[in-house]
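Just query_32.txt here, compact mmCIF, C-alpha atoms and all ligand atoms:
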# COMPACT_ATOMS: atom_id res chain seq x y z
CA MET W 848 -184.71 -71.15 153.05
CA LYS W 849 -186.08 -67.99 151.42
CA LYS W 850 -186.02 -65.03 153.77
CA PRO W 851 -189.28 -63.19 154.41
CA VAL W 852 -189.64 -59.96 152.44
CA VAL W 853 -190.03 -56.82 154.53
CA PHE W 854 -191.02 -53.59 152.84
CA CYS W 855 -190.13 -50.33 154.62
CA THR W 856 -191.75 -46.99 153.86
CA GLU W 857 -189.44 -45.00 156.13
CA ASN W 858 -186.14 -43.27 155.40
CA GLU W 859 -182.82 -43.67 157.22
CA TYR W 860 -183.78 -41.15 159.94
CA ILE W 861 -186.52 -43.52 161.06
CA VAL W 862 -184.97 -46.87 160.15
CA SER W 863 -181.25 -46.16 160.45
CA PRO W 864 -178.48 -47.87 158.45
CA LYS W 865 -177.59 -49.81 161.63
CA VAL W 866 -181.16 -51.07 161.96
CA GLU W 867 -181.24 -51.84 158.24
CA ALA W 868 -178.03 -53.91 158.56
CA TYR W 869 -179.58 -55.90 161.42
CA LEU W 870 -182.75 -56.49 159.41
CA ARG W 871 -180.79 -57.63 156.37
CA GLU W 872 -179.27 -60.45 158.43
CA HIS W 873 -182.75 -61.89 158.87
CA VAL W 874 -185.06 -60.70 156.10
CA GLU W 875 -185.03 -59.47 152.54
CA PHE W 876 -185.27 -55.75 153.17
CA ILE W 877 -186.75 -53.36 150.61
CA ARG W 878 -186.85 -49.66 151.36
CA ALA W 879 -189.08 -47.29 149.37
CA GLU W 880 -186.86 -44.89 147.47
CA LYS W 881 -189.08 -41.90 148.31
CA LYS W 882 -191.97 -40.95 150.58
CA LEU W 883 -194.93 -42.87 149.18
CA THR W 884 -198.55 -41.81 149.24
CA PRO W 885 -200.93 -44.36 150.81
CA GLU W 886 -202.11 -45.30 147.30
CA GLU W 887 -198.51 -45.79 146.14
CA LEU W 888 -197.92 -48.06 149.12
CA ARG W 889 -200.98 -50.10 148.15
CA GLU W 890 -199.49 -50.45 144.66
CA ARG W 891 -196.04 -51.38 145.97
CA ILE W 892 -196.86 -53.74 148.84
CA GLY W 893 -197.16 -56.73 146.49
CA ASP W 894 -195.81 -59.95 147.97
CA ALA W 895 -194.25 -58.47 151.09
CA ASP W 896 -194.51 -60.66 154.20
CA GLY W 897 -193.85 -57.79 156.57
CA LEU W 898 -194.13 -54.01 156.55
CA ILE W 899 -192.35 -51.33 158.54
CA SER W 900 -194.18 -48.04 158.24
CA MET W 901 -195.38 -45.04 160.21
CA GLY W 902 -198.65 -43.21 159.75
CA TYR W 903 -200.01 -45.20 156.79
CA PRO W 904 -203.60 -46.46 157.03
CA ILE W 905 -203.47 -50.22 157.47
CA ASP W 906 -206.94 -51.32 156.51
CA ASP W 907 -208.85 -53.42 153.97
CA ARG W 908 -207.75 -51.14 151.13
CA LEU W 909 -204.12 -52.13 151.72
CA LEU W 910 -204.64 -55.61 153.12
CA ASP W 911 -206.78 -56.75 150.17
CA ARG W 912 -203.74 -56.08 147.99
CA ALA W 913 -201.19 -57.73 150.28
CA PRO W 914 -202.04 -61.44 150.29
CA LYS W 915 -198.80 -62.52 151.99
CA LEU W 916 -198.60 -59.79 154.61
CA ARG W 917 -198.51 -61.16 158.19
CA VAL W 918 -197.03 -58.36 160.31
CA VAL W 919 -196.94 -54.55 160.31
CA SER W 920 -194.51 -52.81 162.62
CA THR W 921 -195.05 -49.09 163.15
CA THR W 922 -192.11 -47.01 164.32
CA SER W 923 -194.37 -45.15 166.73
CA ALA W 924 -196.08 -45.82 170.03
CA GLY W 925 -199.42 -44.65 168.68
CA PHE W 926 -201.08 -47.02 166.23
CA ASP W 927 -204.22 -45.07 165.38
CA PRO W 928 -203.74 -45.57 161.60
CA PHE W 929 -204.18 -49.34 162.16
CA ASN W 930 -207.67 -50.71 161.61
CA LEU W 931 -207.33 -53.49 164.15
CA GLU W 932 -210.43 -55.40 163.05
CA ASP W 933 -209.41 -55.34 159.38
CA MET W 934 -205.96 -56.56 160.37
CA LYS W 935 -207.34 -59.39 162.48
CA LYS W 936 -209.64 -60.43 159.63
CA HIS W 937 -206.61 -60.65 157.31
CA ASN W 938 -204.57 -62.51 159.93
CA VAL W 939 -202.06 -59.66 160.17
CA ILE W 940 -200.68 -58.60 163.54
CA GLY W 941 -199.48 -55.15 164.57
CA LEU W 942 -196.36 -54.14 166.50
CA HIS W 943 -195.52 -50.71 167.92
CA THR W 944 -192.75 -49.00 169.88
CA PRO W 945 -193.96 -47.99 173.34
CA ALA W 946 -191.79 -47.31 176.40
CA VAL W 947 -188.56 -46.32 174.64
CA LEU W 948 -189.99 -42.87 173.90
CA ASN W 949 -191.38 -42.10 177.35
CA ASP W 950 -188.57 -39.80 178.47
CA SER W 951 -188.22 -37.90 175.18
CA VAL W 952 -191.93 -37.17 175.01
CA ALA W 953 -192.21 -36.26 178.69
CA ASP W 954 -189.22 -33.90 178.27
CA MET W 955 -190.93 -32.25 175.32
CA ILE W 956 -194.16 -31.78 177.27
CA LEU W 957 -192.18 -29.92 179.93
CA LEU W 958 -190.58 -27.86 177.19
CA LEU W 959 -194.03 -26.91 175.87
CA MET W 960 -195.25 -26.00 179.36
CA LEU W 961 -192.22 -23.83 180.06
CA ALA W 962 -192.05 -22.27 176.61
CA VAL W 963 -195.69 -21.22 176.52
CA ALA W 964 -195.85 -20.05 180.14
CA ARG W 965 -192.57 -18.11 179.98
CA ARG W 966 -193.22 -16.84 176.42
CA ALA W 967 -189.87 -18.15 175.18
CA VAL W 968 -190.76 -18.28 171.48
CA GLU W 969 -192.20 -14.76 171.44
CA MET W 970 -189.08 -13.39 173.10
CA ASP W 971 -186.71 -15.34 170.87
CA LYS W 972 -188.35 -13.74 167.84
CA VAL W 973 -188.10 -10.24 169.32
CA VAL W 974 -184.37 -10.69 170.00
CA ARG W 975 -183.67 -12.16 166.55
CA ASP W 976 -185.58 -9.33 164.92
CA GLY W 977 -183.27 -6.83 166.66
CA LYS W 978 -186.18 -5.53 168.74
CA TRP W 979 -184.79 -5.98 172.22
CA PRO W 980 -187.62 -4.57 174.37
CA VAL W 981 -187.14 -1.35 176.27
CA THR W 982 -188.62 -2.85 179.43
CA PRO W 983 -188.39 -6.61 178.90
CA PHE W 984 -189.43 -7.44 182.44
CA TYR W 985 -192.81 -5.75 182.04
CA GLU W 986 -193.45 -6.39 178.39
CA PHE W 987 -192.74 -10.08 178.66
CA PHE W 988 -194.04 -11.08 182.02
CA GLY W 989 -194.76 -14.77 181.94
CA SER W 990 -196.55 -17.12 184.31
CA GLU W 991 -194.72 -19.03 187.02
CA VAL W 992 -194.46 -22.78 186.45
CA SER W 993 -192.88 -23.96 189.72
CA GLY W 994 -195.37 -24.69 192.46
CA LYS W 995 -198.41 -24.56 190.15
CA ARG W 996 -200.98 -27.32 189.59
CA VAL W 997 -200.74 -29.56 186.54
CA GLY W 998 -203.67 -31.76 185.57
CA ILE W 999 -202.76 -34.77 183.44
CA ILE W 1000 -205.51 -36.40 181.39
CA GLY W 1001 -204.26 -39.93 180.70
CA MET W 1002 -201.89 -41.41 183.27
CA GLY W 1003 -199.99 -43.88 181.10
CA ASN W 1004 -196.20 -44.18 181.08
CA ILE W 1005 -195.71 -40.77 179.50
CA GLY W 1006 -198.22 -39.20 181.88
CA GLU W 1007 -196.19 -40.68 184.73
CA GLY W 1008 -193.01 -39.23 183.23
CA VAL W 1009 -194.61 -35.79 183.15
CA ALA W 1010 -195.89 -36.20 186.71
CA LYS W 1011 -192.44 -37.20 187.96
CA ARG W 1012 -190.77 -34.21 186.32
CA CYS W 1013 -193.42 -31.76 187.52
CA LYS W 1014 -193.39 -33.10 191.05
CA ASN W 1015 -189.67 -33.61 191.58
CA GLY W 1016 -188.27 -30.91 189.31
CA PHE W 1017 -190.80 -28.12 189.70
CA ASP W 1018 -192.44 -28.87 193.02
CA MET W 1019 -195.82 -28.84 191.32
CA ASP W 1020 -199.10 -30.17 192.61
CA VAL W 1021 -200.04 -33.02 190.25
CA VAL W 1022 -203.60 -34.24 189.73
CA TYR W 1023 -204.74 -36.65 187.07
CA TYR W 1024 -207.77 -38.13 185.38
CA ASN W 1025 -207.64 -41.57 183.80
CA ARG W 1026 -210.15 -44.16 182.62
CA HIS W 1027 -209.05 -46.32 185.56
CA ARG W 1028 -207.71 -45.00 188.82
CA LYS W 1029 -204.04 -45.97 189.34
CA LEU W 1030 -203.43 -46.45 193.02
CA SER W 1031 -199.85 -47.66 192.60
CA THR W 1032 -198.97 -44.50 190.63
CA GLU W 1033 -200.61 -42.35 193.29
CA GLU W 1034 -198.52 -44.03 195.95
CA LYS W 1035 -195.30 -44.00 193.94
CA LEU W 1036 -195.51 -40.40 192.71
CA GLY W 1037 -197.76 -38.67 195.23
CA VAL W 1038 -200.30 -37.63 192.62
CA GLU W 1039 -204.03 -37.24 193.25
CA TYR W 1040 -206.90 -38.66 191.22
CA VAL W 1041 -209.68 -36.13 190.56
CA THR W 1042 -212.74 -35.97 188.32
CA MET W 1043 -212.33 -34.48 184.87
CA ASP W 1044 -214.34 -31.41 185.95
CA GLU W 1045 -212.16 -30.79 188.98
CA LEU W 1046 -209.01 -31.24 186.94
CA LEU W 1047 -210.19 -28.70 184.36
CA ALA W 1048 -211.42 -26.19 186.90
CA THR W 1049 -208.36 -26.19 189.15
CA SER W 1050 -205.29 -26.86 186.96
CA ASP W 1051 -202.87 -24.19 185.77
CA PHE W 1052 -201.66 -26.57 183.06
CA VAL W 1053 -203.91 -29.16 181.44
CA VAL W 1054 -201.82 -31.84 179.72
CA ILE W 1055 -203.61 -34.40 177.57
CA MET W 1056 -201.75 -37.64 176.88
CA VAL W 1057 -204.27 -40.23 175.71
CA PRO W 1058 -204.17 -42.60 172.73
CA LEU W 1059 -206.48 -41.72 169.84
CA ASP W 1060 -209.44 -44.05 169.44
CA ASP W 1061 -213.21 -43.75 169.15
CA THR W 1062 -213.54 -43.01 172.86
CA THR W 1063 -211.01 -40.15 172.88
CA ARG W 1064 -211.68 -38.41 169.55
CA HIS W 1065 -212.53 -34.74 170.27
CA MET W 1066 -212.35 -35.46 174.00
CA MET W 1067 -211.25 -31.84 174.59
CA ASP W 1068 -214.20 -29.89 173.23
CA ALA W 1069 -215.66 -26.41 173.73
CA GLY W 1070 -217.41 -27.46 176.94
CA LYS W 1071 -214.13 -28.67 178.46
CA PHE W 1072 -212.15 -25.57 177.42
CA ALA W 1073 -214.91 -23.46 179.02
CA LYS W 1074 -214.30 -25.25 182.33
CA MET W 1075 -210.58 -24.37 182.37
CA LYS W 1076 -209.23 -21.36 184.26
CA LYS W 1077 -208.70 -18.29 182.08
CA SER W 1078 -205.08 -18.26 183.27
CA ALA W 1079 -204.47 -21.93 182.36
CA PHE W 1080 -202.42 -23.39 179.52
CA PHE W 1081 -203.37 -26.39 177.41
CA ILE W 1082 -200.69 -28.86 176.26
CA ASN W 1083 -201.10 -31.67 173.72
CA ALA W 1084 -198.36 -34.04 172.54
CA SER W 1085 -200.56 -37.11 172.02
CA ARG W 1086 -202.67 -36.92 168.85
CA GLY W 1087 -204.33 -33.87 167.27
CA PRO W 1088 -207.80 -35.37 166.86
CA VAL W 1089 -208.24 -35.88 170.63
CA VAL W 1090 -208.93 -32.14 170.52
CA ASP W 1091 -211.76 -30.39 168.70
CA GLU W 1092 -209.35 -27.98 167.01
CA PRO W 1093 -211.91 -25.27 166.07
CA ALA W 1094 -213.00 -25.28 169.75
CA LEU W 1095 -209.37 -24.81 170.84
CA ILE W 1096 -208.93 -21.97 168.34
CA ALA W 1097 -212.10 -20.31 169.64
CA ALA W 1098 -210.87 -20.69 173.24
CA LEU W 1099 -207.58 -18.99 172.32
CA ARG W 1100 -209.31 -16.27 170.31
CA ASP W 1101 -211.80 -15.47 173.09
CA GLY W 1102 -209.28 -15.63 175.92
CA THR W 1103 -211.07 -18.61 177.49
CA ILE W 1104 -207.60 -20.05 178.17
CA ALA W 1105 -204.18 -18.37 178.46
CA GLY W 1106 -202.31 -20.30 175.77
CA ALA W 1107 -201.47 -23.65 174.22
CA GLY W 1108 -198.38 -25.74 173.57
CA LEU W 1109 -199.00 -28.23 170.77
CA ASP W 1110 -196.90 -30.91 169.11
CA VAL W 1111 -199.83 -32.45 167.24
CA PHE W 1112 -202.71 -31.20 165.12
CA ASP W 1113 -206.00 -32.37 163.71
CA VAL W 1114 -204.59 -32.73 160.20
CA GLU W 1115 -200.81 -32.73 159.78
CA PRO W 1116 -198.92 -30.92 158.45
CA ILE W 1117 -200.61 -27.61 159.21
CA GLY W 1118 -199.95 -24.60 156.98
CA ALA W 1119 -199.25 -20.99 157.94
CA ASP W 1120 -202.93 -20.30 157.21
CA ASN W 1121 -203.98 -22.33 160.27
CA GLU W 1122 -205.34 -19.80 162.77
CA LEU W 1123 -203.24 -21.41 165.52
CA CYS W 1124 -200.23 -19.76 163.86
CA THR W 1125 -201.67 -16.28 164.39
CA PHE W 1126 -201.71 -16.36 168.19
CA PRO W 1127 -198.65 -15.12 170.10
CA ASN W 1128 -199.59 -17.38 173.01
CA THR W 1129 -199.21 -20.68 171.16
CA VAL W 1130 -196.05 -22.76 170.85
CA LEU W 1131 -196.33 -25.08 167.85
CA LEU W 1132 -194.06 -28.01 167.02
CA PRO W 1133 -194.19 -30.31 163.96
CA HIS W 1134 -194.99 -33.60 165.79
CA VAL W 1135 -191.47 -34.14 167.05
CA ALA W 1136 -191.84 -35.09 170.72
CA SER W 1137 -189.92 -38.35 170.15
CA ALA W 1138 -187.40 -36.80 167.76
CA THR W 1139 -184.08 -37.24 169.49
CA ARG W 1140 -181.34 -39.28 167.83
CA GLU W 1141 -181.25 -41.68 170.75
CA CYS W 1142 -184.99 -42.17 170.96
CA ARG W 1143 -185.60 -42.63 167.24
CA GLU W 1144 -182.75 -45.16 167.05
CA ALA W 1145 -184.28 -47.10 169.94
CA MET W 1146 -187.70 -46.97 168.26
CA GLY W 1147 -186.24 -48.22 164.97
CA GLN W 1148 -184.44 -51.05 166.76
CA LEU W 1149 -187.57 -52.11 168.61
CA ALA W 1150 -189.67 -52.05 165.44
CA ALA W 1151 -187.06 -54.21 163.67
CA LYS W 1152 -186.52 -56.62 166.56
CA GLY W 1153 -190.25 -57.29 166.69
CA ILE W 1154 -190.36 -58.11 162.98
CA VAL W 1155 -187.41 -60.50 163.30
CA GLU W 1156 -188.89 -62.21 166.35
CA PHE W 1157 -192.22 -62.57 164.60
CA PHE W 1158 -190.63 -64.38 161.65
CA GLU W 1159 -188.76 -66.61 164.13
CA GLY W 1160 -192.17 -67.77 165.32
CA LYS W 1161 -192.15 -65.86 168.63
CA GLU W 1162 -194.65 -63.38 169.99
CA PRO W 1163 -192.71 -60.09 170.10
CA ALA W 1164 -192.92 -58.19 173.39
CA ASN W 1165 -193.99 -55.08 171.46
CA THR W 1166 -197.07 -56.76 169.96
CA ILE W 1167 -200.09 -54.47 170.31
CA LYS W 1168 -202.23 -55.81 173.18
CA PHE W 1169 -205.21 -56.38 170.88
CA PHE W 1170 -203.21 -59.04 168.97
CA LYS W 1171 -201.59 -60.78 171.96
CA LYS W 1172 -202.39 -64.43 172.47
C1 LIG N 1201 -195.55 -41.89 168.56
O1 LIG N 1201 -194.66 -42.69 168.76
O2 LIG N 1201 -196.75 -42.21 168.61
C2 LIG N 1201 -195.13 -40.51 168.20
O3 LIG N 1201 -196.20 -39.61 168.28
C3 LIG N 1201 -194.54 -40.48 166.81
O4 LIG N 1201 -195.55 -40.73 165.89
structure tokens encoding of this file:
Amino acid sequence: MKKPVVFCTENEYIVSPKVEAYLREHVEFIRAEKKLTPEELRERIGDADGLISMGYPIDDRLLDRAPKLRVVSTTSAGFDPFNLEDMKKHNVIGLHTPAVLNDSVADMILLLMLAVARRAVEMDKVVRDGKWPVTPFYEFFGSEVSGKRVGIIGMGNIGEGVAKRCKNGFDMDVVYYNRHRKLSTEEKLGVEYVTMDELLATSDFVVIMVPLDDTTRHMMDAGKFAKMKKSAFFINASRGPVVDEPALIAALRDGTIAGAGLDVFDVEPIGADNELCTFPNTVLLPHVASATRECREAMGQLAAKGIVEFFEGKEPANTIKFFKK
């Protein structure tokens, strides 16, 4: 029997040779030879039955040109580039890679909190530039992290990972805001549910970890930054557009907040001309919270396993909820 054709837009750092070998046992695997633009993908998708990709818009523009496509597996937990309704209309289901990245992303959020509060990047630059400060203790006073209050907006699995680290590792007071209150998490981790306003007004670190959709776009706006303490830090490793970026820039410029640690941006990649790059009190990463060898391998494996299971007629465990039967 002819194997299903699976087209892959991602290179070997995302879909490793080991994952490719596994896929080849089950499907006809075609990997794009270079990074395609979305339009190039639309031209190349042809008769593929499955697609492994990350960050490409999956909507009518692509689906109209992919008559055989039945499944798209993104090597990411977030699936905001998927137009779920368009996919449903074309009878295409979506898979993603949640859970396996929880620890890597939670670790990175802690890194951002520590780096921005303790001014690690600023000091690293000073040392590298041969400008060891005369009085480092005074010139580079940071803010204490241990024992402070962290407010987590979005208590999903990654939010829980952050809460656990903050509570157990740094003896922090953890409050959270979530669409639905999570009593079992409160009991398990000793965290407290508060209103958004209370979270903003009382937290020393505000961590946002929500998926991007129509209800969360620009959730952190000027009004919310204004409610934060002047001494508080803002951390985002979810998706850039959950923040009104000009409002964040204004808050940093005016000293409304003390600093920001960001792994994600409104439009990626950002250039050196983005005003966020001009502030000493920002720590900026190129959307790499899940970028450990172990985590990316696990994400690639999960994305591939889902594709294989789908073509075996099963419902993969990593099917996006919206498509589950
Ligand atoms: C995810 O998995 O959603 C990460 O942000 C990588 O895109």
Original post:
Residues at most 9 Å from Phe929 in chain W, counting only C-alpha atoms, excluding those fewer than 6 positions away in the same chain, as a ChimeraX atom specification?
Top reply: /W:902-906,941
**OP:** Select the residues contacting ligand LIG 1201 (chain N) at a distance of at most 8 Å, based on all atoms listed in the file, then format the selection as a ChimeraX atom specification.
**Re:** /W:901-902,922-926,944-945,948,1084-1086,1134-1137
Per residue of range 875-983 of chain W within 8 Å of range 1141-1155 of chain W, what are the shortest atom pair and its distance in Å to one decimal, counting all atoms listed in the file, with rows by chain and residue number, as a Markdown table?
| residue | atom | partner | partner_atom | distance |
| --- | --- | --- | --- | --- |
| W:Gly897 | CA | W:Ile1154 | CA | 7.3 |
| W:Ile899 | CA | W:Ala1150 | CA | 7.4 |
| W:Val918 | CA | W:Ile1154 | CA | 7.2 |
| W:Val919 | CA | W:Ile1154 | CA | 7.9 |
| W:Ser920 | CA | W:Ala1150 | CA | 5.7 |
| W:Thr921 | CA | W:Ala1150 | CA | 6.6 |
| W:Thr922 | CA | W:Ala1150 | CA | 5.7 |
| W:Ser923 | CA | W:Met1146 | CA | 7.1 |
| W:Leu942 | CA | W:Gly1153 | CA | 6.9 |
| W:His943 | CA | W:Ala1150 | CA | 6.5 |
| W:Thr944 | CA | W:Met1146 | CA | 5.7 |
| W:Val947 | CA | W:Ala1145 | CA | 6.4 |
| W:Leu948 | CA | W:Cys1142 | CA | 5.8 |
| W:Ser951 | CA | W:Cys1142 | CA | 6.8 |
**OP:** Select, from W:Lys936, W:Lys1161, W:Lys1071, W:Lys1011, the residue with the minimum atom-to-atom distance to Ala1094 in chain W, counting only C-alpha atoms.
**Re:**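 Using only C-alpha atoms, Ala1094 in chain W sits closest to W:Lys1071.
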Original post:
Near range 867-878 of chain W, within 12 Å and counting all atoms listed in the file, which residues show up once chain neighbours fewer than 5 positions away are dropped, as a ChimeraX atom specification?
Top reply: /W:848-862,883,888,891-900,1144,1147-1159
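Close contacts of Asp954 in chain W, defined as residues with an atom at most 12 Å away when counting all atoms listed in the file, with chain neighbours fewer than 4 positions off set aside, comprise Leu948, Asn949, Asp950, Leu958, Leu959, Met960, Leu961, Ile1005, Gly1006, Glu1007, Gly1008, Val1009, Ala1010, Lys1011, Arg1012, Cys1013, Gly1016, Ala1084, Val1135, Ala1136, Ser1137, Ala1138, Thr1139 and Cys1142 of chain W.
Shortest separation to Gly1102 in chain W among W:Glu1115, W:Val973, W:Ser1078, W:Asn1083 occurs at residue W:Ser1078, atoms counted being only C-alpha atoms.
Counting from CA of Leu1131 in chain W, the distance to CA of Phe1081 in chain W is 11.9 Å.
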Original post:
Which residues, written as a list of chain:residue names, have at least one atom at most 8 Å from Val1041 in chain W, with all atoms listed in the file counted and residues fewer than 6 positions away on the same chain left out?
Top reply: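 Listed by chain and then number, they are W:Val1022, W:Tyr1023, W:Tyr1024.
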Please identify all polymer residues within 6 Å of range 986-993 of chain W, counting all atoms listed in the file, omitting same-chain residues fewer than 4 positions from it, and present them as a PDB file with C-alpha atoms, in the frame of the given file.
ATOM      1  CA  ALA W 964    -195.850 -20.050 180.140  1.00  0.00           C
ATOM      2  CA  ARG W 965    -192.570 -18.110 179.980  1.00  0.00           C
ATOM      3  CA  PHE W1017    -190.800 -28.120 189.700  1.00  0.00           C
ATOM      4  CA  ASP W1018    -192.440 -28.870 193.020  1.00  0.00           C
ATOM      5  CA  MET W1019    -195.820 -28.840 191.320  1.00  0.00           C
TER       6      MET W1019
END
